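K.L.:
Sharing query-v4.txt (compact mmCIF, C-alpha atoms (C1' of nucleotides)) below.
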# COMPACT_ATOMS: atom_id res chain seq x y z
CA MET A 27 46.16 -36.52 25.85
CA LEU A 28 47.18 -33.29 27.57
CA HIS A 29 45.11 -34.44 30.49
CA ASP A 30 47.05 -37.71 30.61
CA ILE A 31 50.35 -35.87 30.56
CA PHE A 32 49.22 -33.76 33.50
CA THR A 33 48.14 -36.87 35.38
CA ARG A 34 51.55 -38.46 34.95
CA LEU A 35 53.37 -35.32 36.02
CA PHE A 36 51.12 -34.70 38.97
CA ALA A 37 51.62 -38.26 40.15
CA HIS A 38 55.37 -37.96 39.89
CA PHE A 39 56.13 -34.54 41.34
CA ALA A 40 55.10 -32.84 44.54
CA PRO A 41 52.94 -29.74 44.14
CA GLN A 42 55.13 -26.95 42.79
CA ARG A 43 53.41 -24.06 44.57
CA TRP A 44 54.18 -21.41 41.94
CA TRP A 45 54.62 -18.50 41.81
CA PRO A 46 57.06 -17.63 44.63
CA GLY A 47 56.38 -14.05 45.73
CA GLU A 48 54.73 -12.37 48.67
CA THR A 49 52.41 -10.16 46.62
CA PRO A 50 51.04 -10.01 43.06
CA PHE A 51 53.23 -6.98 42.40
CA GLU A 52 56.27 -8.93 43.46
CA VAL A 53 55.24 -11.67 41.03
CA MET A 54 55.12 -9.08 38.26
CA VAL A 55 58.62 -7.86 39.06
CA GLY A 56 59.87 -11.43 39.26
CA ALA A 57 58.36 -12.22 35.87
CA ILE A 58 60.54 -9.57 34.26
CA LEU A 59 63.66 -10.35 36.27
CA THR A 60 63.53 -14.07 35.52
CA GLN A 61 63.78 -13.64 31.75
CA ASN A 62 66.39 -16.17 30.63
CA THR A 63 67.65 -16.25 34.20
CA ASN A 64 67.86 -18.77 37.01
CA TRP A 65 65.18 -18.17 39.64
CA GLN A 66 67.71 -18.30 42.46
CA ASN A 67 69.41 -15.21 41.07
CA VAL A 68 66.05 -13.47 40.80
CA GLU A 69 65.45 -14.08 44.50
CA ARG A 70 68.75 -12.42 45.34
CA ALA A 71 67.82 -9.45 43.18
CA ILE A 72 64.40 -9.08 44.78
CA ALA A 73 65.91 -9.35 48.26
CA GLN A 74 68.44 -6.64 47.46
CA LEU A 75 65.73 -4.47 45.97
CA LYS A 76 63.63 -4.87 49.09
CA SER A 77 66.55 -3.80 51.23
CA THR A 78 67.01 -0.73 49.04
CA VAL A 79 63.48 0.71 48.79
CA ALA A 80 59.90 0.09 49.79
CA PHE A 81 58.64 -2.59 47.45
CA THR A 82 55.95 -0.51 45.77
CA PRO A 83 55.58 0.62 42.14
CA HIS A 84 55.97 4.30 42.96
CA ALA A 85 58.98 3.86 45.23
CA ILE A 86 60.83 1.61 42.81
CA PHE A 87 60.15 3.94 39.93
CA ALA A 88 61.39 6.90 41.98
CA LEU A 89 64.69 5.12 42.52
CA PRO A 90 67.49 6.48 40.32
CA PRO A 91 67.98 3.97 37.49
CA ALA A 92 71.60 3.41 38.45
CA MET A 93 70.52 2.37 41.93
CA LEU A 94 67.81 0.13 40.56
CA ALA A 95 70.38 -1.50 38.30
CA ALA A 96 72.74 -2.04 41.22
CA ALA A 97 69.98 -3.60 43.29
CA ILE A 98 68.87 -6.10 40.64
CA ARG A 99 72.38 -6.89 39.51
CA PRO A 100 72.33 -10.56 40.61
CA ALA A 101 69.52 -11.26 38.14
CA GLY A 102 71.82 -10.51 35.22
CA TYR A 103 71.14 -8.24 32.21
CA PHE A 104 70.72 -5.54 34.82
CA ASN A 105 70.88 -2.59 32.43
CA ILE A 106 68.34 -4.16 30.08
CA LYS A 107 66.08 -5.24 32.93
CA THR A 108 66.26 -1.82 34.60
CA GLY A 109 64.77 -0.33 31.46
CA ARG A 110 62.19 -3.07 31.15
CA LEU A 111 61.13 -2.76 34.76
CA ARG A 112 60.79 0.99 34.42
CA ASN A 113 58.79 0.60 31.23
CA PHE A 114 56.41 -1.71 33.06
CA LEU A 115 56.21 0.56 36.11
CA THR A 116 55.39 3.54 33.90
CA TYR A 117 52.52 1.59 32.36
CA PHE A 118 51.33 0.16 35.67
CA VAL A 119 51.38 3.50 37.49
CA GLU A 120 50.00 5.63 34.68
CA ARG A 121 47.19 3.29 33.73
CA TYR A 122 46.30 1.65 37.05
CA ASN A 123 47.99 3.88 39.60
CA GLY A 124 50.02 0.84 40.59
CA ASN A 125 46.85 -0.87 41.81
CA VAL A 126 46.70 -4.61 41.19
CA GLU A 127 42.99 -4.90 41.94
CA THR A 128 42.07 -2.23 39.44
CA MET A 129 44.16 -3.90 36.77
CA ARG A 130 42.68 -7.29 37.59
CA GLN A 131 39.19 -6.08 36.70
CA GLN A 132 40.01 -5.53 33.03
CA PRO A 133 39.29 -8.18 30.36
CA ILE A 134 42.03 -10.70 29.70
CA ALA A 135 42.47 -9.89 26.02
CA GLN A 136 42.83 -6.19 26.76
CA LEU A 137 45.40 -6.79 29.48
CA ARG A 138 47.44 -9.09 27.28
CA THR A 139 47.50 -6.50 24.50
CA GLU A 140 48.51 -3.78 26.96
CA LEU A 141 51.29 -5.88 28.46
CA LEU A 142 52.65 -6.85 25.05
CA GLY A 143 52.74 -3.15 24.25
CA VAL A 144 55.30 -2.58 27.01
CA ARG A 145 58.81 -2.77 25.60
CA GLY A 146 60.49 -5.64 27.38
CA ILE A 147 57.38 -7.71 27.96
CA GLY A 148 56.96 -10.54 25.47
CA PRO A 149 54.38 -13.33 25.38
CA GLU A 150 55.79 -15.46 28.19
CA THR A 151 56.26 -12.56 30.59
CA ALA A 152 52.81 -11.19 29.77
CA ASP A 153 51.14 -14.53 30.31
CA SER A 154 53.09 -15.16 33.51
CA ILE A 155 51.81 -11.87 34.88
CA LEU A 156 48.26 -12.66 33.78
CA LEU A 157 48.22 -16.13 35.32
CA TYR A 158 50.44 -15.87 38.36
CA ALA A 159 49.90 -12.25 39.42
CA LEU A 160 46.37 -11.53 38.22
CA ASP A 161 44.82 -15.01 38.45
CA LYS A 162 43.68 -14.98 34.84
CA PRO A 163 43.13 -18.39 33.15
CA VAL A 164 45.96 -18.10 30.61
CA PHE A 165 48.34 -20.94 29.83
CA VAL A 166 51.99 -19.97 30.08
CA VAL A 167 54.32 -21.45 27.47
CA ASP A 168 58.07 -21.47 27.94
CA THR A 169 61.12 -23.13 26.43
CA TYR A 170 60.61 -26.21 28.57
CA THR A 171 57.02 -26.55 27.41
CA GLN A 172 58.12 -26.37 23.79
CA ARG A 173 60.99 -28.76 24.38
CA VAL A 174 59.00 -31.35 26.28
CA LEU A 175 56.23 -31.40 23.67
CA SER A 176 58.57 -31.54 20.69
CA ARG A 177 60.81 -34.19 22.25
CA HIS A 178 57.75 -36.39 22.56
CA TYR A 179 56.74 -35.61 18.98
CA LEU A 180 53.54 -33.95 20.10
CA VAL A 181 54.32 -30.80 18.11
CA PRO A 182 56.99 -29.87 15.55
CA GLU A 183 59.97 -28.12 17.08
CA GLU A 184 59.24 -24.87 15.21
CA THR A 185 55.68 -24.50 16.55
CA THR A 186 55.07 -20.91 17.58
CA TYR A 187 54.32 -19.69 21.08
CA ASP A 188 50.72 -18.84 20.28
CA ASP A 189 50.10 -22.18 18.59
CA VAL A 190 51.45 -24.15 21.55
CA GLN A 191 49.35 -22.04 23.86
CA SER A 192 46.26 -22.74 21.78
CA ILE A 193 46.87 -26.47 21.97
CA PHE A 194 46.53 -26.27 25.73
CA MET A 195 43.79 -23.67 25.94
CA ASP A 196 41.63 -25.32 23.28
CA SER A 197 41.54 -28.68 25.03
CA LEU A 198 41.70 -27.90 28.75
CA ALA A 199 39.20 -26.22 31.02
CA HIS A 200 40.22 -22.63 31.70
CA ASP A 201 41.03 -23.13 35.34
CA VAL A 202 43.57 -20.88 37.01
CA ARG A 203 44.77 -23.40 39.56
CA HIS A 204 45.13 -26.09 36.93
CA PHE A 205 47.03 -23.87 34.49
CA ASN A 206 49.23 -22.76 37.35
CA GLU A 207 50.20 -26.27 38.39
CA TYR A 208 50.46 -27.61 34.85
CA HIS A 209 52.96 -25.06 33.66
CA ALA A 210 55.04 -25.46 36.80
CA LEU A 211 55.04 -29.23 36.36
CA LEU A 212 56.19 -28.90 32.75
CA VAL A 213 59.12 -26.82 33.95
CA ALA A 214 59.86 -29.43 36.61
CA VAL A 215 59.90 -32.32 34.16
CA GLY A 216 61.91 -30.30 31.67
CA LYS A 217 64.55 -29.41 34.23
CA THR A 218 64.76 -32.87 35.68
CA PHE A 219 64.61 -35.15 32.67
CA CYS A 220 64.70 -33.15 29.44
CA ARG A 221 67.96 -31.22 29.64
CA ARG A 222 69.96 -30.65 26.48
CA THR A 223 73.09 -31.90 28.14
CA ASN A 224 72.68 -34.99 30.25
CA PRO A 225 69.05 -35.88 29.45
CA GLN A 226 67.44 -38.52 31.69
CA CYS A 227 64.78 -39.77 29.28
CA GLU A 228 64.75 -43.29 30.68
CA GLN A 229 63.36 -42.16 34.01
CA CYS A 230 61.02 -39.51 32.66
CA PRO A 231 57.41 -39.97 33.78
CA LEU A 232 56.36 -39.05 30.24
CA LYS A 233 58.40 -41.87 28.71
CA GLY A 234 56.37 -43.50 25.99
CA VAL A 235 53.82 -40.78 25.36
CA ASN A 236 53.28 -40.29 21.65
CA TRP A 237 49.59 -40.12 21.09
C1' DC B 3 87.05 -24.43 30.99
C1' DA B 4 82.01 -24.61 28.79
C1' DC B 5 77.28 -24.42 29.34
C1' DC B 6 72.95 -23.10 31.20
C1' DA B 7 69.01 -20.46 33.42
C1' DG B 8 61.09 -19.86 34.26
C1' DG B 9 63.20 -14.02 27.09
C1' DC B 10 63.15 -10.15 24.43
C1' DA B 11 64.42 -6.66 21.13
C1' DA B 12 67.39 -4.85 17.68
C1' DG B 13 70.18 -5.53 13.80
C1' DT B 14 71.08 -7.66 9.31
C1' DA B 15 70.05 -9.31 4.60
C1' DT C 24 60.13 -12.55 6.59
C1' DA C 25 63.89 -15.28 8.71
C1' DC C 26 68.00 -15.67 11.15
C1' DT C 27 71.59 -13.78 14.30
C1' DT C 28 73.38 -11.31 18.18
C1' DG C 29 73.60 -8.64 22.66
C1' DC C 30 72.38 -8.57 27.19
C1' DA C 31 75.32 -10.57 32.25
C1' DT C 32 75.09 -12.85 36.71
C1' DG C 33 75.92 -17.08 39.43
C1' DG C 34 75.70 -22.25 39.64
C1' DT C 35 77.27 -26.81 37.92
Just give me the structure of the file as structure tokens.

P.N.:
Amino acid sequence: MLHDIFTRLFAHFAPQRWWPGETPFEVMVGAILTQNTNWQNVERAIAQLKSTVAFTPHAIFALPPAMLAAAIRPAGYFNIKTGRLRNFLTYFVERYNGNVETMRQQPIAQLRTELLGVRGIGPETADSILLYALDKPVFVVDTYTQRVLSRHYLVPEETTYDDVQSIFMDSLAHDVRHFNEYHALLVAVGKTFCRRTNPQCEQCPLKGVNW
DNA sequence: CACCAGGCAAGTA
DNA sequence: TACTTGCATGGT
């Protein structure tokens, strides 16, 4: 059934080509900045940050917090996100010397535990980093995923993050490219047809699914 | 004007 | 444990 949903979405939408970002480290930063925030605003923030300092873990951490906050201001919650970014950078630099390839070599379960231990990184941000920055076969769940599934009565609305994730990871092959495209397509269908205000259910490519 | 966007943590009872 | 609230910009 999850395979059928993917087939419908893939037939309807063009490839999403997630995650936007020139480097894995940039994807990590974007994952934190995009929390409850429109991606367009994240792009502004990243652009401003790039024009402020060299886009490396050490350089960004060396930036005075007030300047970091000013740079990422367009992404919203800039004081909160400044702290969260610095928490992550502390972890990334202290444990991996800011080296993506070194981090990538660790086991998935260990990395997920480490990331969840950083204050400001919850399950979605952790999994986004694992999948989109480190190429780990982890399925990313977000509010659109939950909403699309529950609107089609595939899961109860109150299903937890980990349970939704298990539904996907227990029935699909653990393929990075597939998980990448699938999550992005769920966001696409959620945005386009499954909005709270002004839903467009009649034209949704998932119309009628209720296995 | 209201509402939303690729969440998370802290506070309250 | 189970809710609720704060965080904040920019687009529609």

K.L.:
Would you pick out the contacts of B:DA7 at 6 Å or less, using all atoms listed in the file, so that residues sharing its chain but fewer than 6 positions from it are not included, and give the list as a PyMOL selection string?

P.N.:
chain A and resi 62-64

K.L.:
Check which residues of chain A sit at most 7 Å from chain C using only C-alpha atoms (C1' of nucleotides), and return one row each with the closest pair of atoms and their distance in Å to one decimal, ordered by chain and rising number, as a Markdown table.

P.N.:
| residue | atom | partner | partner_atom | distance |
| --- | --- | --- | --- | --- |
| A:Asn67 | CA | C:DG33 | C1' | 7.0 |
| A:Pro100 | CA | C:DT32 | C1' | 5.3 |
| A:Ala101 | CA | C:DT32 | C1' | 6.0 |
| A:Gly102 | CA | C:DT32 | C1' | 4.3 |
| A:Tyr103 | CA | C:DA31 | C1' | 4.8 |
| A:Ile106 | CA | C:DC30 | C1' | 6.6 |

K.L.:
Write out as a PyMOL selection string every residue belonging to chain B that has an atom at most 7 Å from any atom of chain A, counting only C-alpha atoms (C1' of nucleotides).

P.N.:
chain B and resi 7-10

K.L.:
Between atom CA of A:Leu180 and atom CA of A:Ile155, measure the distance and give it in Å to one decimal.

P.N.:
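Atom-to-atom, atom CA of A:Leu180 to atom CA of A:Ile155, that is 26.6 Å.
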
K.L.:
Record the distance separating atom CA of A:Tyr208 and atom CA of A:Val164, expressed in Å with one decimal.

P.N.:
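One can read the atom CA of A:Tyr208 to atom CA of A:Val164 distance as 11.3 Å.
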
K.L.:
Go ahead and compute the interatomic distance for atom CA of A:Pro83 and atom CA of A:Asp201, in Å to one decimal.

P.N.:
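It comes out at 28.7 Å.
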
K.L.:
I need chain C from the structure I supplied, saved as an mmCIF file, in the first residue's frame with N, CA and C atoms (P, O5', C5', C4', C3', O3' and C1' of nucleotides) retained.

P.N.:
data_model
loop_
_atom_site.group_PDB
_atom_site.id
_atom_site.type_symbol
_atom_site.label_atom_id
_atom_site.label_comp_id
_atom_site.auth_asym_id
_atom_site.auth_seq_id
_atom_site.Cartn_x
_atom_site.Cartn_y
_atom_site.Cartn_z
ATOM 1 P P DT C 24 5.996 8.845 30.566
ATOM 2 O "O5'" DT C 24 4.583 9.499 31.017
ATOM 3 C "C5'" DT C 24 3.564 8.616 31.475
ATOM 4 C "C4'" DT C 24 2.239 9.349 31.422
ATOM 5 C "C3'" DT C 24 1.887 9.906 30.041
ATOM 6 O "O3'" DT C 24 0.532 9.624 29.752
ATOM 7 C "C1'" DT C 24 1.895 11.664 31.630
ATOM 8 P P DA C 25 -0.076 10.053 28.257
ATOM 9 O "O5'" DA C 25 -0.639 11.541 28.405
ATOM 10 C "C5'" DA C 25 -1.864 11.775 29.084
ATOM 11 C "C4'" DA C 25 -2.209 13.251 29.039
ATOM 12 C "C3'" DA C 25 -2.304 13.841 27.620
ATOM 13 O "O3'" DA C 25 -3.324 14.810 27.606
ATOM 14 C "C1'" DA C 25 -0.741 15.036 28.851
ATOM 15 P P DC C 26 -4.327 15.008 26.397
ATOM 16 O "O5'" DC C 26 -3.594 15.884 25.322
ATOM 17 C "C5'" DC C 26 -2.712 16.931 25.631
ATOM 18 C "C4'" DC C 26 -3.300 18.081 26.443
ATOM 19 C "C3'" DC C 26 -3.382 19.392 25.707
ATOM 20 O "O3'" DC C 26 -4.327 20.286 26.252
ATOM 21 C "C1'" DC C 26 -1.637 19.479 27.300
ATOM 22 P P DT C 27 -4.731 21.657 25.453
ATOM 23 O "O5'" DT C 27 -3.550 22.658 25.844
ATOM 24 C "C5'" DT C 27 -3.554 23.240 27.136
ATOM 25 C "C4'" DT C 27 -2.444 24.270 27.283
ATOM 26 C "C3'" DT C 27 -2.392 25.339 26.176
ATOM 27 O "O3'" DT C 27 -2.373 26.611 26.799
ATOM 28 C "C1'" DT C 27 -0.249 24.365 26.513
ATOM 29 P P DT C 28 -2.475 27.957 25.899
ATOM 30 O "O5'" DT C 28 -0.962 28.433 25.845
ATOM 31 C "C5'" DT C 28 -0.255 28.611 27.076
ATOM 32 C "C4'" DT C 28 1.205 28.925 26.786
ATOM 33 C "C3'" DT C 28 1.410 29.998 25.705
ATOM 34 O "O3'" DT C 28 2.282 30.973 26.217
ATOM 35 C "C1'" DT C 28 2.734 28.093 25.260
ATOM 36 P P DG C 29 2.476 32.383 25.483
ATOM 37 O "O5'" DG C 29 4.011 32.320 25.050
ATOM 38 C "C5'" DG C 29 4.989 32.092 26.053
ATOM 39 C "C4'" DG C 29 6.359 31.897 25.408
ATOM 40 C "C3'" DG C 29 6.689 32.913 24.313
ATOM 41 O "O3'" DG C 29 8.037 33.329 24.495
ATOM 42 C "C1'" DG C 29 6.856 30.718 23.441
ATOM 43 P P DC C 30 8.562 34.597 23.738
ATOM 44 O "O5'" DC C 30 9.349 33.962 22.513
ATOM 45 C "C5'" DC C 30 10.474 33.132 22.768
ATOM 46 C "C4'" DC C 30 10.845 32.405 21.501
ATOM 47 C "C3'" DC C 30 10.940 33.318 20.250
ATOM 48 O "O3'" DC C 30 12.146 33.029 19.584
ATOM 49 C "C1'" DC C 30 9.731 31.378 19.784
ATOM 50 P P DA C 31 13.110 34.094 19.103
ATOM 51 O "O5'" DA C 31 12.364 34.535 17.768
ATOM 52 C "C5'" DA C 31 11.628 35.730 17.648
ATOM 53 C "C4'" DA C 31 11.415 35.957 16.167
ATOM 54 C "C3'" DA C 31 10.616 37.203 15.822
ATOM 55 O "O3'" DA C 31 11.085 37.637 14.563
ATOM 56 C "C1'" DA C 31 9.477 35.336 15.040
ATOM 57 P P DT C 32 10.877 39.125 14.032
ATOM 58 O "O5'" DT C 32 11.207 38.967 12.483
ATOM 59 C "C5'" DT C 32 12.344 38.206 12.080
ATOM 60 C "C4'" DT C 32 11.987 37.373 10.858
ATOM 61 C "C3'" DT C 32 11.366 38.202 9.738
ATOM 62 O "O3'" DT C 32 12.227 38.161 8.605
ATOM 63 C "C1'" DT C 32 10.125 36.189 10.145
ATOM 64 P P DG C 33 12.038 39.278 7.466
ATOM 65 O "O5'" DG C 33 10.993 38.604 6.468
ATOM 66 C "C5'" DG C 33 11.406 37.465 5.738
ATOM 67 C "C4'" DG C 33 10.235 36.851 4.981
ATOM 68 C "C3'" DG C 33 9.470 37.833 4.090
ATOM 69 O "O3'" DG C 33 9.106 37.143 2.905
ATOM 70 C "C1'" DG C 33 7.983 36.789 5.562
ATOM 71 P P DG C 34 8.565 37.915 1.650
ATOM 72 O "O5'" DG C 34 7.391 36.957 1.131
ATOM 73 C "C5'" DG C 34 7.634 35.556 1.058
ATOM 74 C "C4'" DG C 34 6.322 34.812 1.002
ATOM 75 C "C3'" DG C 34 5.309 35.386 0.024
ATOM 76 O "O3'" DG C 34 4.696 34.325 -0.691
ATOM 77 C "C1'" DG C 34 4.350 35.252 2.201
ATOM 78 P P DT C 35 3.788 34.668 -1.972
ATOM 79 O "O5'" DT C 35 2.301 34.417 -1.399
ATOM 80 C "C5'" DT C 35 1.974 33.154 -0.876
ATOM 81 C "C4'" DT C 35 0.550 33.181 -0.331
ATOM 82 C "C3'" DT C 35 -0.449 33.902 -1.236
ATOM 83 O "O3'" DT C 35 -1.610 33.101 -1.369
ATOM 84 C "C1'" DT C 35 -0.594 34.736 0.971
#
